[in-house]
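Below is one structure, written out as structure tokens; comments come after it.
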Amino acid sequence: MLKNEKIELKEFFELRKEVLQTWPTGQDVSIEEGMKFHRTIPEEKRFAWVMKKALQEGKLLLQPRAGVALIDDHIKLLRYLENEGQADLLPTTIDAYTRQNRYQEAEKGIEKSRQAGTSLLNGFPAVNYGVTGCRRVVESLSKPIQVRHGTPDARLLAEITLAAGFTSFEGGGISYNIPYAKRVSVEKSIRDWQYVDRLVGLYEENGVRINREPFGPLTGTLVPPCLSIAIGIIEGLLALKQGVKSITLGYGQGGNIIQDVAAIAAINQLAEEYFRQEEFDDYELTTVFHQWMGGFPEDEAKAFSVIALGAMVAKFSGAEKVIVKSPHEAMGIPTKEANAQGLRASRQAINMVEDQVIFDSEDLAEEVELIKKEVHCLIDKTYEMGAGDLALGTVAAFEAGVLDVPFAPSIYNHGKIIPMRDTEGFIRIFNKGNLPLTEEIMNYHHQRLMERARAEGRVISFEMVTDDIYAISKGKLVGRPK
Amino acid sequence: MLKNEKIELKEFFELRKEVLQTWPTGQDVSIEEGMKFHRTIPEEKRFAWVMKKALQEGKLLLQPRAGVALIDDHIKLLRYLENEGQADLLPTTIDAYTRQNRYQEAEKGIEKSRQAGTSLLNGFPAVNYGVTGCRRVVESLSKPIQVRHGTPDARLLAEITLAAGFTSFEGGGISYNIPYAKRVSVEKSIRDWQYVDRLVGLYEENGVRINREPFGPLTGTLVPPCLSIAIGIIEGLLALKQGVKSITLGYGQGGNIIQDVAAIAAINQLAEEYFRQEEFDDYELTTVFHQWMGGFPEDEAKAFSVIALGAMVAKFSGAEKVIVKSPHEAMGIPTKEANAQGLRASRQAINMVEDQVIFDSEDLAEEVELIKKEVHCLIDKTYEMGAGDLALGTVAAFEAGVLDVPFAPSIYNHGKIIPMRDTEGFIRIFNKGNLPLTEEIMNYHHQRLMERARAEGRVISFEMVTDDIYAISKGKLVGRPK
Amino acid sequence: MSDKDTIILGVIGADCHSVGNKILELFFTSEGFKVVNLGVMVSQQEFVDTAIETNAKAILVSSLYGHGEIDCQGLRELCIEKGVDPIILYAGGNLVVGKTPFSVVEEKFKKMGFDRVFPPDVDLKQVANLLRKDIQEKFGQARQKEEERSL
Amino acid sequence: MSDKDTIILGVIGADCHSVGNKILELFFTSEGFKVVNLGVMVSQQEFVDTAIETNAKAILVSSLYGHGEIDCQGLRELCIEKGVDPIILYAGGNLVVGKTPFSVVEEKFKKMGFDRVFPPDVDLKQVANLLRKDIQEKFGQARQKEEERSL
Ligand code: B12
Ligand code: B12
């Protein structure tokens with residue numbers, strides 16, 4: 001049965017046998033050999049080390065997303081981002097078939113890509129390439145490199161990529177299920193991610209630190225900060241339990257500068273609080289800010305402004321890492337050139353504000369307090385529903401709509417809450433569905449939303465939500481009527 | 001003799017005869033016919049009206065710079081910026097020969113451009129085209145249109161373009177001399193701009209309101225806010241005296257967000273104070289924020305970030321107008337496409353922050369007070385040096401270095417002050433030259449600069465200034481040692 | 001008109017992008033269609049089976065994540081095989097990997113048997129009008145009879 | 001080396017861009033040249049007259065504002081006419097109107113008789129090295145004699 005407890009090694013290795021059998025390349029995975037390789041990796045190429053250094057030095061590191069079907073092209077792409085893009089951290093974004101464990105289709109994608117001479121996959125099919133192929137990627141680069149995906153069951157992917165020498169692994173049992181899948185139960189994905197975290201814990205116990213990063217932005221669309229943060233902290237706690245030590249909690253830009261800066265502040269304060277409450281004290285906590293994760297403007301000039309503002313706010317927020325978009329975002333997977341443009345534009349914006357101290361205003365404190373109160377409501381209720389067990393609590397919470405991600409595809413998600421922007425662009429909650437938010441909190445949200453309705457001379461309606469979803473891509477933040 | 005007094009009509013018309021003789025197209029200028037034409041211009045095409053409306057509605061209007069040698073190409077260019085760029089206000093940027101009254105060379109430029117089939121001039125030679133040519137430009141567009149130049153003696157240019165139907169005229173006796181000329185005395189240029197302002201006053205007295213805009217950014221390079229503001233207010237006062245009623249004071253982005261927002265606030269407060277002190281009370285005052293006027297990065301992706309941040313800060317500052325740069329800035333006069341990209345990127349950034357309230361912090365009030373104190377020192381001393389006459393005072397002030405623009409080409413400018421950035425990127429003054437700033441003020445500047453020196457582990461040196469000049473184009477705000 | 005035209009919506013393949021899909025459902029419902037929304041991660045089989053069950057006039061396939069080219073191949077053939085032809089097939093979204101001139105994308109998908117192809121920033125109002133027109137043209141006969149009966 | 005090589009700086013034509021010029025003066029002085037800086041708005045005549053007066057080895061012409069193409073035409077011819085040839089002529093800045101591939105700009109100015117042409121983002125250190133090399137090559141003979149004398 002599911003429980004928030006460290007998986008016994010015996011059980012782990014039994015599960016492992018099955019996992020490695022799900023695709024032929026599983027046979028080549030040796031954790032020992034992997035660890036041996038990891039020990040040869042220099043510090044500057046280790047994700048956890050570099051993140052910690054950024055924290056100590058108050059630096060903001062830049063990381064793009066990137067992945068293509070063919071291995072040589074993938075290496076070329078990452079090298080370009082390392083050199084022309086001056087990326088501080090590298091990704092390997094996994095294709096969408098692999099994410100669904102459809103390795104057969106990924107194989108077909110590789111084939112067709114070879115024939116077409118260009119990538120027909122939206123990412124790098126790491127499982128199909130196995131440890132040897134992935135190792136080639138790791139060895140061809142000089143910056144730390146992370147697996148970025150969106151895989152509900154990432155056990156084989158983790159086995160292969162970690163053994164190959166990747167030093168960071170994105171995702172979590174909630175954040176890589178609810179926004180990315182349709183029919184995977186929360187129980188199953190949490191269990192599968194406990195396996196991934198246990199694997200990382202195993203490396204850790206053997207002196208190899210792997211960074212883990214829950215996926216903060218969820219659906220990337222009008223996600224109220226409290227939800228993203230509560231889920232991130234829950235995934236952090238589940239990971240810590242399996243022995244993970246280096247954790248980077250994420251947040252996707254909402255658009256209101258104050259709310260965005262407040263959110264990162266709240267993540268840090270809340271994570272420390274909950275992690276210590278569960279008596280963890282030797283973890284390394286950092287944060288990552290994602291540039292705008294919703295629909296982008298098609299026009300590249302406009303997209304550049306979305307990127308620049310995102311980079312700037314990331315810096316103001318004090319996050320250690322920013323995930324960078326490209327001017328092609330609305331149109332398709334970026335070329336390497338467009339991806340590097342996104343990096344360079346971001347770097348410029350960050351450098352232009354990095355010495356400036358803008359935020360210590362009251363608005364900020366108010367918003368941090370609000371977010372903290374909300375997250376307390378969500379996490380405390382989740383604990384309660386699991387009678388103290390966070391894994392069980394999470395399953396029950398999704399079942400009851402106590403955790404509820406807007407616009408998510410999963411049938412295990414209620415999809416009842418209705419978020420919308422207030423008149424200053426803060427993301428507020430109009431319909432809380434079953435979220436256990438207090439009356440006081442909801443009154444505040446409603447009051448702010450009423451202000452907007454008045455300002456726009458219309459009643460609060462679902463139309464506002466649709467308008468808000470389109471807003472940034474149509475060149476606005478708040479979706480006002482025409 | 002020079003005096004800050006309204007030019008008598010008789011004297012004006014005597015001068016006018018000479019002015020109109022300086023180039024053949026001067027013969028065709030009729031103020032009466034011009035006024036008649038102006039009266040047919042609808043409100044939405046009148047600069048003063050549109051600026052005032054923006055003030056009332058809290059809107060920020062976008063204006064590019066643009067001008068080419070051939071009239072049809074110029075019209076095409078402006079139409080493109082109106083349509084594809086969605087510019088709110090249009091420019092006609094004048095070429096550099098015309099600015100120096102070298103109409104013969106401008107003629108050659110037109111010829112060579114015709115032969116080359118492309119513009120070899122860096123602007124539109126309005127004088128050579130005369131009233132008829134300029135009228136064609138005005139009639140081909142539907143947005144208000146302004147003459148933007150940099151001409152110490154702009155009398156003929158003003159006669160022609162105003163009669164043609166332009167509704168706004170940039171410049172001033174200081175701001176279009178000191179940064180733009182080498183051997184033109186301040187006395188001469190102030191006198192020539194009194195003429196321009198008197199001409200505008202004449203239109204005004206006949207019911208035709210022309211907007212006037214002193215050029216705020218000066219050399220665009222590390223200009224301390226107090227200097228730009230003091231000079232703008234002096235030019236505003238000189239213009240009011242000649243009967244001008246619609247004035248837009250300008251400021252070029254310095255790079256520190258708080259200082260930039262504070263500067264626009266200070267302009268408004270100080271202008272009101274000095275204008276009323278001289279008993280003017282029926283003027284329309286608005287402000288314009290120039291996106292970064294110093295050296296740009298060559299890389300277009302980086303340039304986009306400079307543009308986006310400039311647009312955002314313009315909106316935060318509450319200015320009514322922003323002058324927009326293009327991603328080609330570092331390289332050359334932009335194509336119409338690049339120019340429109342600058343507009344669209346700016347629009348996106350502005351729209352994304354326009355509903356957000358970020359600034360009411362203490363830092364801001366502090367910086368506003370500092371700027372006000374400094375400007376008081378400068379303007380009050382200028383009055384004193386002219387024994388109450390601002391025109392005479394200004395001449396004397398430049399002679400004595402009481403007004404002193406950094407990096408200016410004019411031999412009538414001391415060029416003694418040394419500005420540099422403090423560690424947060426505020427532009428401070430290291431060497432005040434002869435600026436009449438109090439010890440208290442200078443102590444503050446030095447203290448802030450010492451913080452930077454400490455942070456960088458080097459002594460304050462001219463090298464810092466050079467580093468600061470290059471900084472933005474090299475992707476930083478503060479020019480730190482490597 | 002007595003009956004609303006049934007149309008099927010869905011995001012094909014392993015694609016999880018659910019936001020646009022939810023908006024399309026809202027929109028086409030408000031435009032007077034009977035919408036059967038299969039949500040995300042829909043297989044070709046599921047599309048065609050549902051078309052049979054619901055007697056739908058059109059299938060509006062979305063693909064955002066880049067694998068559209070692979071996922072959509074053979075859908076028209078399957079429709080023919082299962083006898084739901086002439087059903088109207090539309091495709092929309094970010095249909096291929098990478099920024100590509102739309103004319104290239106359009107040609108690709110038309111060759112695959114799609115009647116119309118749309119870029120992500122398409123004006124939905126226009127799509128609804130085209131859809132009504134296409135239904136009228138392809139099913140006009142049947143429609144007219146229905147309408148006559150209902151008079 | 002007993003004497004410093006004299007070089008002339010200036011911004012040609014009706015060009016008022018003074019910032020880069022001030023930096024060039026600082027830089028080349030620190031590199032050990034004797035710099036005669038004519039500032040902005042310098043005519044061809046002024047450049048050549050000063051070259052005669054100062055026995056300069058090189059003229060470094062700046063043009064930022066776009067009229068460089070018009071303003072620089074004939075400078076080499078004037079140098080020849082006034083007998084200051086073989087003087088080294090460099091040009092740098094934003095030499096033509098509009099963003100233009102540098103190779104095109106370079107060719108234009110080399111045709112006009114400039115020895116070297118530089119884009120605005122040139123590494124000045126490199127320019128100083130090239131200038132020393134060019135002076136050595138063109139005036140090496142004379143130079144060597146001078147150096148021998150000073151030994
Ligand atoms: C939000 C988002 C996500 C969220 C999705 C959450 C969710 N469950 O919905 C998350 C973060 C989970 C995500 C994941 C991924 N994403 Co995504 N995502 C986006 C993003 C930023 C916005 C999408 C969106 O919601 N837009 C708003 C809605 C309203 O617009 P829309 O989806 O375009 O739909 C409208 C139109 O397309 C049109 N339309 C759609 N279908 C049809 C059909 C017809 C017939 C018609 C007429 C019209 C029509 O009408 C809709 C309503 O207006 C886009 C880029 C963008 N557009 O800016 C990338 C994007 C779609 N994602 C992309 C990719 C590749 C992925 C990933 C594979 C990760 C990766 N490699 O980067 C995974 C996918 C995993 C999977 N299995 O699918 C790529 C696709 C690339 C391509 N085609 O070349 C994009 C374009 C980003 C990019 N440039 O790289 N993504
Ligand atoms: C600041 C500035 C101004 C200020 C100048 C103040 C002053 N007195 O100096 C103001 C606002 C007054 C101004 C006015 C104008 N400007 Co202006 N200006 C700029 C800007 C933004 C920065 C210039 C600068 O100071 N850079 C910093 C210094 C350190 O760099 P630099 O000047 O490039 O000089 C370095 C190098 O070029 C190189 N270099 C220069 N010469 C030489 C020579 C040699 C031999 C070598 C080896 C190297 C070398 O070394 C220098 C030191 O590092 C540039 C665009 C940019 N670069 O971002 C436009 C720019 C130069 N200006 C331009 C124009 C057109 C004008 C105007 C005509 C107005 C207009 N139409 O827009 C007027 C000119 C009027 C006149 N009579 O000259 C254009 C030129 C266009 C072109 N060539 O196609 C530019 C490129 C902007 C643009 N893209 O439109 N400008």
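We label chains A, B, ... in the order they appear in the structure tokens, count residues from 1 in each chain, and number ligands from 1 in the order shown.
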
Exercise. Up to 10 Å from chain A, what residues of chain B turn up? Count only C-alpha atoms and give them as a PyMOL selection string.
Key: chain B and resi 255-258+297+299-309+311-312+327+338+340-364+422-426+471-478

Could you do a least-squares fit of chain D on chain C over every C-alpha atom, in sequence order, and give the output as a PDB file with C-alpha atoms, in the first residue's frame?
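So out.pdb came out as:
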```pdb
ATOM      1  CA  MET D   1     -33.154  23.690 -37.740  1.00  0.00           C
ATOM      2  CA  SER D   2     -34.297  21.042 -35.330  1.00  0.00           C
ATOM      3  CA  ASP D   3     -31.076  19.175 -34.643  1.00  0.00           C
ATOM      4  CA  LYS D   4     -27.714  20.590 -33.852  1.00  0.00           C
ATOM      5  CA  ASP D   5     -24.808  19.292 -35.905  1.00  0.00           C
ATOM      6  CA  THR D   6     -22.534  17.052 -33.900  1.00  0.00           C
ATOM      7  CA  ILE D   7     -18.815  17.682 -34.040  1.00  0.00           C
ATOM      8  CA  ILE D   8     -15.989  15.895 -32.273  1.00  0.00           C
ATOM      9  CA  LEU D   9     -13.093  17.625 -30.571  1.00  0.00           C
ATOM     10  CA  GLY D  10      -9.911  16.109 -29.270  1.00  0.00           C
ATOM     11  CA  VAL D  11      -6.167  16.450 -28.960  1.00  0.00           C
ATOM     12  CA  ILE D  12      -4.505  13.616 -30.812  1.00  0.00           C
ATOM     13  CA  GLY D  13      -1.688  11.293 -29.818  1.00  0.00           C
ATOM     14  CA  ALA D  14       0.284  11.639 -26.599  1.00  0.00           C
ATOM     15  CA  ASP D  15      -0.463  15.328 -26.439  1.00  0.00           C
ATOM     16  CA  CYS D  16      -1.522  16.730 -23.070  1.00  0.00           C
ATOM     17  CA  HIS D  17      -2.217  20.371 -23.975  1.00  0.00           C
ATOM     18  CA  SER D  18      -5.643  20.802 -22.479  1.00  0.00           C
ATOM     19  CA  VAL D  19      -6.151  24.572 -22.310  1.00  0.00           C
ATOM     20  CA  GLY D  20      -6.962  25.235 -25.957  1.00  0.00           C
ATOM     21  CA  ASN D  21      -9.179  22.154 -26.038  1.00  0.00           C
ATOM     22  CA  LYS D  22     -11.281  23.457 -23.155  1.00  0.00           C
ATOM     23  CA  ILE D  23     -11.654  26.768 -24.933  1.00  0.00           C
ATOM     24  CA  LEU D  24     -12.657  25.108 -28.197  1.00  0.00           C
ATOM     25  CA  GLU D  25     -15.368  23.181 -26.374  1.00  0.00           C
ATOM     26  CA  LEU D  26     -16.752  26.353 -24.827  1.00  0.00           C
ATOM     27  CA  PHE D  27     -16.575  28.165 -28.122  1.00  0.00           C
ATOM     28  CA  PHE D  28     -18.188  25.650 -30.451  1.00  0.00           C
ATOM     29  CA  THR D  29     -20.909  24.947 -27.922  1.00  0.00           C
ATOM     30  CA  SER D  30     -21.705  28.636 -27.775  1.00  0.00           C
ATOM     31  CA  GLU D  31     -21.783  28.635 -31.576  1.00  0.00           C
ATOM     32  CA  GLY D  32     -24.644  26.156 -31.545  1.00  0.00           C
ATOM     33  CA  PHE D  33     -22.878  22.892 -32.302  1.00  0.00           C
ATOM     34  CA  LYS D  34     -23.388  19.722 -30.354  1.00  0.00           C
ATOM     35  CA  VAL D  35     -19.849  19.156 -29.146  1.00  0.00           C
ATOM     36  CA  VAL D  36     -18.460  15.798 -28.150  1.00  0.00           C
ATOM     37  CA  ASN D  37     -15.115  16.580 -26.557  1.00  0.00           C
ATOM     38  CA  LEU D  38     -12.737  13.658 -26.178  1.00  0.00           C
ATOM     39  CA  GLY D  39     -10.169  15.792 -24.355  1.00  0.00           C
ATOM     40  CA  VAL D  40      -6.461  15.159 -24.679  1.00  0.00           C
ATOM     41  CA  MET D  41      -4.491  12.070 -25.717  1.00  0.00           C
ATOM     42  CA  VAL D  42      -7.026  10.780 -28.148  1.00  0.00           C
ATOM     43  CA  SER D  43      -6.176   7.954 -30.546  1.00  0.00           C
ATOM     44  CA  GLN D  44      -7.321   7.810 -34.172  1.00  0.00           C
ATOM     45  CA  GLN D  45      -9.435   4.812 -33.271  1.00  0.00           C
ATOM     46  CA  GLU D  46     -11.203   6.747 -30.522  1.00  0.00           C
ATOM     47  CA  PHE D  47     -11.971   9.603 -32.888  1.00  0.00           C
ATOM     48  CA  VAL D  48     -13.462   7.296 -35.501  1.00  0.00           C
ATOM     49  CA  ASP D  49     -15.389   5.138 -33.060  1.00  0.00           C
ATOM     50  CA  THR D  50     -16.952   8.222 -31.574  1.00  0.00           C
ATOM     51  CA  ALA D  51     -17.821   9.506 -35.030  1.00  0.00           C
ATOM     52  CA  ILE D  52     -19.675   6.302 -35.726  1.00  0.00           C
ATOM     53  CA  GLU D  53     -21.500   6.378 -32.389  1.00  0.00           C
ATOM     54  CA  THR D  54     -22.548   9.997 -32.624  1.00  0.00           C
ATOM     55  CA  ASN D  55     -23.113  10.283 -36.350  1.00  0.00           C
ATOM     56  CA  ALA D  56     -20.851  13.335 -36.289  1.00  0.00           C
ATOM     57  CA  LYS D  57     -20.419  15.656 -39.252  1.00  0.00           C
ATOM     58  CA  ALA D  58     -16.900  16.732 -38.444  1.00  0.00           C
ATOM     59  CA  ILE D  59     -13.818  15.860 -36.441  1.00  0.00           C
ATOM     60  CA  LEU D  60     -11.720  18.781 -35.259  1.00  0.00           C
ATOM     61  CA  VAL D  61      -8.307  17.411 -34.435  1.00  0.00           C
ATOM     62  CA  SER D  62      -5.939  19.457 -32.316  1.00  0.00           C
ATOM     63  CA  SER D  63      -2.246  18.861 -32.100  1.00  0.00           C
ATOM     64  CA  LEU D  64      -0.050  21.236 -30.194  1.00  0.00           C
ATOM     65  CA  TYR D  65       3.020  19.349 -29.117  1.00  0.00           C
ATOM     66  CA  GLY D  66       4.745  18.826 -32.464  1.00  0.00           C
ATOM     67  CA  HIS D  67       3.997  15.191 -33.243  1.00  0.00           C
ATOM     68  CA  GLY D  68       0.931  16.082 -35.276  1.00  0.00           C
ATOM     69  CA  GLU D  69       2.576  14.975 -38.468  1.00  0.00           C
ATOM     70  CA  ILE D  70       3.169  11.471 -37.154  1.00  0.00           C
ATOM     71  CA  ASP D  71      -0.070  11.208 -35.192  1.00  0.00           C
ATOM     72  CA  CYS D  72      -2.427  12.312 -37.956  1.00  0.00           C
ATOM     73  CA  GLN D  73      -1.158  10.088 -40.719  1.00  0.00           C
ATOM     74  CA  GLY D  74      -3.793   7.583 -41.700  1.00  0.00           C
ATOM     75  CA  LEU D  75      -6.785   9.187 -40.017  1.00  0.00           C
ATOM     76  CA  ARG D  76      -8.584   9.813 -43.314  1.00  0.00           C
ATOM     77  CA  GLU D  77      -7.879   6.272 -44.421  1.00  0.00           C
ATOM     78  CA  LEU D  78      -9.317   4.950 -41.164  1.00  0.00           C
ATOM     79  CA  CYS D  79     -12.437   7.056 -41.678  1.00  0.00           C
ATOM     80  CA  ILE D  80     -12.872   5.596 -45.134  1.00  0.00           C
ATOM     81  CA  GLU D  81     -12.219   2.083 -43.895  1.00  0.00           C
ATOM     82  CA  LYS D  82     -14.774   2.449 -41.111  1.00  0.00           C
ATOM     83  CA  GLY D  83     -17.288   4.002 -43.455  1.00  0.00           C
ATOM     84  CA  VAL D  84     -17.601   7.407 -41.785  1.00  0.00           C
ATOM     85  CA  ASP D  85     -16.538   9.156 -44.941  1.00  0.00           C
ATOM     86  CA  PRO D  86     -17.431  11.849 -46.138  1.00  0.00           C
ATOM     87  CA  ILE D  87     -16.774  13.250 -42.670  1.00  0.00           C
ATOM     88  CA  ILE D  88     -15.212  16.687 -42.427  1.00  0.00           C
ATOM     89  CA  LEU D  89     -11.691  16.661 -41.000  1.00  0.00           C
ATOM     90  CA  TYR D  90     -10.140  19.847 -39.634  1.00  0.00           C
ATOM     91  CA  ALA D  91      -6.729  20.114 -38.008  1.00  0.00           C
ATOM     92  CA  GLY D  92      -5.405  22.991 -35.931  1.00  0.00           C
ATOM     93  CA  GLY D  93      -2.735  23.986 -33.451  1.00  0.00           C
ATOM     94  CA  ASN D  94       1.056  23.806 -33.628  1.00  0.00           C
ATOM     95  CA  LEU D  95       0.862  20.973 -36.076  1.00  0.00           C
ATOM     96  CA  VAL D  96       4.506  20.258 -36.795  1.00  0.00           C
ATOM     97  CA  VAL D  97       7.794  20.497 -34.940  1.00  0.00           C
ATOM     98  CA  GLY D  98       9.297  23.943 -35.136  1.00  0.00           C
ATOM     99  CA  LYS D  99       8.321  27.308 -36.603  1.00  0.00           C
ATOM    100  CA  THR D 100       7.291  26.495 -40.177  1.00  0.00           C
ATOM    101  CA  PRO D 101       5.644  28.639 -42.862  1.00  0.00           C
ATOM    102  CA  PHE D 102       1.957  27.903 -42.553  1.00  0.00           C
ATOM    103  CA  SER D 103       1.568  27.131 -46.241  1.00  0.00           C
ATOM    104  CA  VAL D 104       3.956  24.199 -45.849  1.00  0.00           C
ATOM    105  CA  VAL D 105       2.007  22.863 -42.895  1.00  0.00           C
ATOM    106  CA  GLU D 106      -1.280  23.297 -44.700  1.00  0.00           C
ATOM    107  CA  GLU D 107      -0.108  21.396 -47.731  1.00  0.00           C
ATOM    108  CA  LYS D 108       1.175  18.516 -45.608  1.00  0.00           C
ATOM    109  CA  PHE D 109      -2.106  18.088 -43.792  1.00  0.00           C
ATOM    110  CA  LYS D 110      -4.273  18.564 -46.840  1.00  0.00           C
ATOM    111  CA  LYS D 111      -2.317  15.792 -48.501  1.00  0.00           C
ATOM    112  CA  MET D 112      -3.165  13.610 -45.520  1.00  0.00           C
ATOM    113  CA  GLY D 113      -6.831  14.208 -46.257  1.00  0.00           C
ATOM    114  CA  PHE D 114      -7.753  17.079 -43.954  1.00  0.00           C
ATOM    115  CA  ASP D 115     -10.327  19.437 -45.426  1.00  0.00           C
ATOM    116  CA  ARG D 116      -9.016  22.481 -43.660  1.00  0.00           C
ATOM    117  CA  VAL D 117      -5.947  23.296 -41.622  1.00  0.00           C
ATOM    118  CA  PHE D 118      -5.556  26.150 -39.142  1.00  0.00           C
ATOM    119  CA  PRO D 119      -2.676  27.907 -37.412  1.00  0.00           C
ATOM    120  CA  PRO D 120      -2.835  28.513 -33.640  1.00  0.00           C
ATOM    121  CA  ASP D 121      -3.848  32.157 -33.922  1.00  0.00           C
ATOM    122  CA  VAL D 122      -6.833  31.492 -36.177  1.00  0.00           C
ATOM    123  CA  ASP D 123      -9.965  33.528 -35.576  1.00  0.00           C
ATOM    124  CA  LEU D 124     -12.376  30.924 -34.207  1.00  0.00           C
ATOM    125  CA  LYS D 125     -15.440  32.836 -35.408  1.00  0.00           C
ATOM    126  CA  GLN D 126     -14.196  32.324 -38.915  1.00  0.00           C
ATOM    127  CA  VAL D 127     -13.683  28.609 -38.323  1.00  0.00           C
ATOM    128  CA  ALA D 128     -17.268  28.250 -37.122  1.00  0.00           C
ATOM    129  CA  ASN D 129     -18.513  29.954 -40.274  1.00  0.00           C
ATOM    130  CA  LEU D 130     -16.399  27.755 -42.516  1.00  0.00           C
ATOM    131  CA  LEU D 131     -17.563  24.694 -40.641  1.00  0.00           C
ATOM    132  CA  ARG D 132     -21.217  25.617 -41.137  1.00  0.00           C
ATOM    133  CA  LYS D 133     -20.530  26.210 -44.810  1.00  0.00           C
ATOM    134  CA  ASP D 134     -18.673  22.913 -45.220  1.00  0.00           C
ATOM    135  CA  ILE D 135     -21.405  21.002 -43.420  1.00  0.00           C
ATOM    136  CA  GLN D 136     -23.979  22.650 -45.625  1.00  0.00           C
ATOM    137  CA  GLU D 137     -22.047  21.692 -48.729  1.00  0.00           C
ATOM    138  CA  LYS D 138     -21.240  18.131 -47.783  1.00  0.00           C
ATOM    139  CA  PHE D 139     -24.408  17.255 -45.949  1.00  0.00           C
ATOM    140  CA  GLY D 140     -26.715  19.864 -47.467  1.00  0.00           C
ATOM    141  CA  GLN D 141     -29.010  17.375 -49.118  1.00  0.00           C
ATOM    142  CA  ALA D 142     -29.655  15.464 -45.965  1.00  0.00           C
ATOM    143  CA  ARG D 143     -29.894  18.698 -44.055  1.00  0.00           C
ATOM    144  CA  GLN D 144     -32.451  20.211 -46.400  1.00  0.00           C
ATOM    145  CA  LYS D 145     -34.657  17.192 -46.041  1.00  0.00           C
ATOM    146  CA  GLU D 146     -34.445  17.411 -42.284  1.00  0.00           C
ATOM    147  CA  GLU D 147     -35.354  21.044 -42.416  1.00  0.00           C
ATOM    148  CA  GLU D 148     -38.295  20.426 -44.671  1.00  0.00           C
ATOM    149  CA  ARG D 149     -39.571  17.841 -42.307  1.00  0.00           C
ATOM    150  CA  SER D 150     -39.367  20.218 -39.400  1.00  0.00           C
ATOM    151  CA  LEU D 151     -41.314  22.954 -41.178  1.00  0.00           C
TER     152      LEU D 151
END
```

Residue set, chain D restricted to helix (DSSP H, G or I), as a count of residues only = 72

- request: Restrict the distance test to only C-alpha atoms, flag each residue of chain A within 9 Å of chain C, and return the flagged residues as a VMD selection string.
  value: chain A and resid 96 to 97 99 to 100 102 109 112 119 to 122 179 to 182 219 221 298 328 to 335 407 to 410 466 469

Query raised in the report: Expressed in Å to a single decimal, how great is the separation between CA of Gly310 (chain B) and CA of Tyr80 (chain B)?
Result: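 Between CA of Gly310 (chain B) and CA of Tyr80 (chain B) the gap works out to 22.6 Å.
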
All strand (DSSP E or B) residues (DSSP, backbone) inside region 87-327 of chain A, as a VMD selection string: chain A and resid 90 to 93 145 to 148 168 to 170 211 to 213 246 to 252 284 to 290 321 to 324

Among B:Arg148, B:Lys315, B:Lys108, B:Arg39, ligand 2 is approached most closely, using only C-alpha atoms and all ligand atoms, by B:Arg148

Expressed in Å, the length from atom 26 (N, counted along the ligand's line) of ligand 2 to CA of Leu81 (chain A) is 28.9 Å

query: Contacts of region 200-214 of chain A at 6 Å or less, counting only C-alpha atoms, minus same-chain residues fewer than 5 places along, as a list in words?
result: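 Near region 200-214 of chain A, the qualifying residues are Ala48, Thr167, Ser168, Phe169, Glu170, Gly171, Gly172, Gly232, Gln242, Gly243, Val244, Ser246, Ile247, Thr248 and Leu249 of chain A.
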
- Within 8 Å of Val186 (chain A), counting only C-alpha atoms, which residues qualify if same-chain residues fewer than 5 places away don't, as a PyMOL selection string? chain A and resi 173-174+177-178+394-395+398+412

Would you save the residues from that selection as an mmCIF file, in the first residue's frame, using C-alpha atoms?
```cif
data_model
loop_
_atom_site.group_PDB
_atom_site.id
_atom_site.type_symbol
_atom_site.label_atom_id
_atom_site.label_comp_id
_atom_site.auth_asym_id
_atom_site.auth_seq_id
_atom_site.Cartn_x
_atom_site.Cartn_y
_atom_site.Cartn_z
ATOM 1 C CA GLY A 173 4.382 12.471 -8.611
ATOM 2 C CA ILE A 174 1.884 15.299 -8.857
ATOM 3 C CA ASN A 177 1.073 13.647 -13.698
ATOM 4 C CA ILE A 178 -1.820 16.076 -13.337
ATOM 5 C CA THR A 394 -2.231 13.797 -1.412
ATOM 6 C CA VAL A 395 -4.215 11.032 -3.062
ATOM 7 C CA PHE A 398 -6.979 15.194 -5.208
ATOM 8 C CA TYR A 412 -8.009 12.444 -11.303
#
```
